[in-house]
Structure formats: C-alpha cells, structure tokens
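See below for the structure under consideration.
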Amino acid sequence: DAGVIQSPRHEVTEMGQEVTLRCKPISGHDYLFWYRQTMMRGLELLIYFNNNVPIDDSGMPEDRFSAKMPNASFSTLKIQPSEPRDSAVYFCASSWGDRGYYEQYFGPGTRLTVT
Amino acid sequence: GDSVTQMEGPVTLSEEAFLTINCTYTATGYPSLFWYVQYPGEGLQLLLKATKADDKGSNKGFEATYRKETTSFHLEKGSVQVSDSAVYFCALSDPGNTDKLIFGTGTRLQVFP
C-alpha cells in the first residue's frame with residue numbers, strides 16, 4: 001500500500017491567498033483526520049470524518065478553515081484567506097474502525113508558509 | 001475525559017545510554033495504548049502498541065508494558081543510538097468513549113555521540 005498521500009509537500013503563499021491541501025487516505029480506511037503541528041501549540045486535531053461525514057470540527061480555528069471529503073479516497077483542507085499565523089505543518093491521517101481500536105496512519109505532511 | 005500525560009522534554013542522552021520516557025493515562029474504558037515516533041521533517045509513525053493490560057509492545061529495541069494498576073505505558077530502550085533522536089508521542093484509543101486517538105504532548109529525545 002502506498003500509505004497516506006498528501007500534496008503539496010511544501011506550499012509558500014502570500015497573506016490573503018487561498019490555500020488548498022489535499023489528502024488521499026489508505027484504501028479501505030473509513031476515518032480521516034486533519035492535524036496541524038506548530039512549535040508553540042504542538043499537534044492539534046482540526047477535524048475528522050467517518051465514512052466521508054464530518055464528525056467533529058471543534059478544532060477548526062475559525063471560519064477561514066474548511067474541510068471536505070467528497071468521496072472515500074480524497075479530502076481537502078482549505079484556508080481562505082490565509083494569514084501568517086496559519087504557517088504550520090498540516091498532517092492527514094487515516095484509520096479503520098472495525099478493529100476494536102483506532103490505530104492511525106499519518107501522511108508525510110504539508111509544510112505551509114504564509115508570508 | 002480521556003487524557004495522556006507525558007514527561008517534559010527534551011531528554012538528552014549519550015549514545016548507548018538507557019532510555020525511559022514516562023507516560024500515564026486516564027480513560028473511562030479499556031483503552032489500547034500506542035507510542036508514535038516523529039523523526040525530523042517527517043510524519044508520525046507507529047512505533048509499538050498494546051491492546052490490553054499486561055501486554056508488552058516492542059519494536060526496534062523499544063519496549064512498553066501496559067500497566068493497568070498504575071495506568072502507565074512507559075517507553076524504554078536499553079541502548080539508544082543517535083538515529084533514535086526524534087519526538088515520541090504516547091497515545092490512547094478508547095473506543096467505548098471516542099473514535100479519536102488521544103495524544104500526549106510529545107517528548108523530544110536528543111542522543112549525542
């Protein structure tokens with residue numbers, strides 16, 4: 001299996017621009033998670049989906065952030081407009097829920113820099 | 001609610017030293033426990049896991065034993081290498097309570113030659 005795939009790996013953009021991060025989960029997994037990691041705040045869960053349905057978006061910082069999962073093999077995290085404080089590494093992870101526990105597999109991350 | 005507490009870092013060791021990173025948890029059910037490792041510039045990778053009390057997870061020379069009586073899952077390695085320098089995250093899965101993983105804050109390990 002190819003693992004969780006994220007694109008782009010690096011993104012540099014100017015303040016005010018729209019940013020779209022993409023994730024392809026592992027085939028057969030029914031959960032998808034978006035995390036943000038910074039030095040100051042550590043690893044934060046932003047939102048997660050089960051069977052393509054958003055379950056908990058309480059970690060989404062504000063209305064500038066939105067996430068979608070149109071099908072089982074693709075999800076996007078969009079920031080519009082972007083701000084310098086959004087600079088972070090964004091991780092996508094997936095898991096499956098039929099094992100009695102939820103072991104997550106992480107992608108390599110997208111490093112976002114907003115100038 | 002469920003929570004995971006890890007020792008503060010960084011942990012600084014010389015090569016071949018013994019490593020312990022403490023992890024304790026609070027859970028309402030019967031959780032499974034995990035250690036994840038994040039090498040510089042990479043995503044988190046599962047290092048080892050234990051799904052019930054008294055289980056020992058092991059991988060790459062690392063070990064951790066699920067201790068229900070002390071609600072702990074401490075990570076140990078007998079002889080660390082420079083290549084073990086990374087951030088280590090303890091996590092729990094409590095399916096009866098949540099379908100998320102609950103992560104600790106992470107402990108940075110620095111190993112010097």
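Naming scheme: A, B, ... for chains in displayed order of the structure tokens; residues 1 onward per chain; ligands 1 onward as shown.
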Compile the residues of chain B that lie within 8 Å of chain A, evaluated using only C-alpha atoms, and express the compilation as a PyMOL selection string.
chain B and resi 31-32+42-46+51+93-95+99-101+105
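Residues with any atom within 7 Å of Thr115 in chain A, counting only C-alpha atoms and excluding same-chain neighbours fewer than 5 positions away, are Thr13, Glu14, Met15 and Pro84 of chain A.
For the choices A:Ser58, A:Asn51, A:Gln17, A:Thr38, the atom-to-atom distance to Glu83 in chain A is smallest for A:Gln17 when using only C-alpha atoms.
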Compile the contact shell of Glu69 in chain B as a PyMOL selection string: residues with an atom at most 10 Å away, counting only C-alpha atoms, same-chain residues fewer than 3 positions apart removed.
chain B and resi 53-54+66+72
Report the residues of range 8-110 of chain B whose backbone DSSP state falls under strand (DSSP E), written as an MDAnalysis selection string.
chainID B and resid 11:14 19:21 23:26 32:38 44:50 56:59 62:65 75:77 86:93 101:103 107:110
May I have the residues within 7 Å of Met7 in chain B as a ChimeraX atom specification, using only C-alpha atoms and disregarding those fewer than 4 positions away in the same chain?
/B:21-23,107
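Here CA of Cys23 in chain A and CA of Lys49 in chain B stand 25.3 Å from one another.
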Selection: 7 Å around Phe103 in chain B, only C-alpha atoms, excl. self and same-chain fewer than 4 positions, as an MDAnalysis selection string:
chainID B and resid 4 89:92
Using N, CA, C and O atoms, can you write the selected residues to a file as an mmCIF file, in the first residue's frame?
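Just written: selection30.cif:
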data_model
loop_
_atom_site.group_PDB
_atom_site.id
_atom_site.type_symbol
_atom_site.label_atom_id
_atom_site.label_comp_id
_atom_site.auth_asym_id
_atom_site.auth_seq_id
_atom_site.Cartn_x
_atom_site.Cartn_y
_atom_site.Cartn_z
ATOM 1 N N VAL B 4 -3.777 11.853 28.248
ATOM 2 C CA VAL B 4 -2.453 11.230 28.289
ATOM 3 C C VAL B 4 -1.462 12.278 28.777
ATOM 4 O O VAL B 4 -1.467 13.402 28.279
ATOM 5 N N PHE B 89 5.537 10.319 20.925
ATOM 6 C CA PHE B 89 4.187 10.629 21.386
ATOM 7 C C PHE B 89 3.529 9.376 21.947
ATOM 8 O O PHE B 89 3.474 8.337 21.272
ATOM 9 N N CYS B 90 2.998 9.484 23.146
ATOM 10 C CA CYS B 90 2.163 8.440 23.719
ATOM 11 C C CYS B 90 0.714 8.745 23.345
ATOM 12 O O CYS B 90 0.309 9.923 23.280
ATOM 13 N N ALA B 91 -0.078 7.700 23.085
ATOM 14 C CA ALA B 91 -1.476 7.930 22.678
ATOM 15 C C ALA B 91 -2.350 6.795 23.161
ATOM 16 O O ALA B 91 -1.867 5.679 23.391
ATOM 17 N N LEU B 92 -3.626 7.070 23.310
ATOM 18 C CA LEU B 92 -4.572 6.026 23.684
ATOM 19 C C LEU B 92 -5.802 6.045 22.786
ATOM 20 O O LEU B 92 -6.185 7.082 22.261
#
Which polymer residues have any atom within 10 Å of an atom of Asn71 in chain A, counting only C-alpha atoms, with same-chain residues fewer than 4 positions away left out, as a ChimeraX atom specification?
/A:24,51-53,75
Produce a file of the selected residues containing C-alpha atoms, as an mmCIF file, in the first residue's frame.
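File part_17.cif, as written:
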data_model
loop_
_atom_site.group_PDB
_atom_site.id
_atom_site.type_symbol
_atom_site.label_atom_id
_atom_site.label_comp_id
_atom_site.auth_asym_id
_atom_site.auth_seq_id
_atom_site.Cartn_x
_atom_site.Cartn_y
_atom_site.Cartn_z
ATOM 1 C CA LYS A 24 -5.642 10.559 -0.144
ATOM 2 C CA ASN A 51 -17.409 7.426 6.098
ATOM 3 C CA ASN A 52 -16.932 10.829 4.443
ATOM 4 C CA VAL A 53 -19.114 12.630 7.007
ATOM 5 C CA SER A 75 -10.176 15.073 1.199
#
List the neighbours of Thr20 in chain B out to 9 Å using only C-alpha atoms; skip same-chain residues closer than 6 positions along the sequence, and give me the result as a PyMOL selection string.
chain B and resi 74-78
Dump as a compact mmCIF listing (two decimals), in the first residue's frame, selection limited to C-alpha atoms:
# COMPACT_ATOMS: atom_id res chain seq x y z
CA HIS B 74 6.41 3.89 29.83
CA LEU B 75 8.72 3.64 26.83
CA GLU B 76 12.15 2.04 27.36
CA LYS B 77 15.21 1.19 25.32
CA GLY B 78 18.33 -0.41 26.69
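Of note, CA of Tyr25 in chain B and CA of Ala50 in chain B are spaced 13.5 Å apart.
From CA of Val111 in chain B back to CA of Ser14 in chain B, the distance works out to 5.4 Å.
Of the residues listed (A:Gly3, A:Pro81, A:Pro54, A:Met60), A:Met60 shows the shortest atom-to-atom separation from Arg36 in chain A; distances use only C-alpha atoms.
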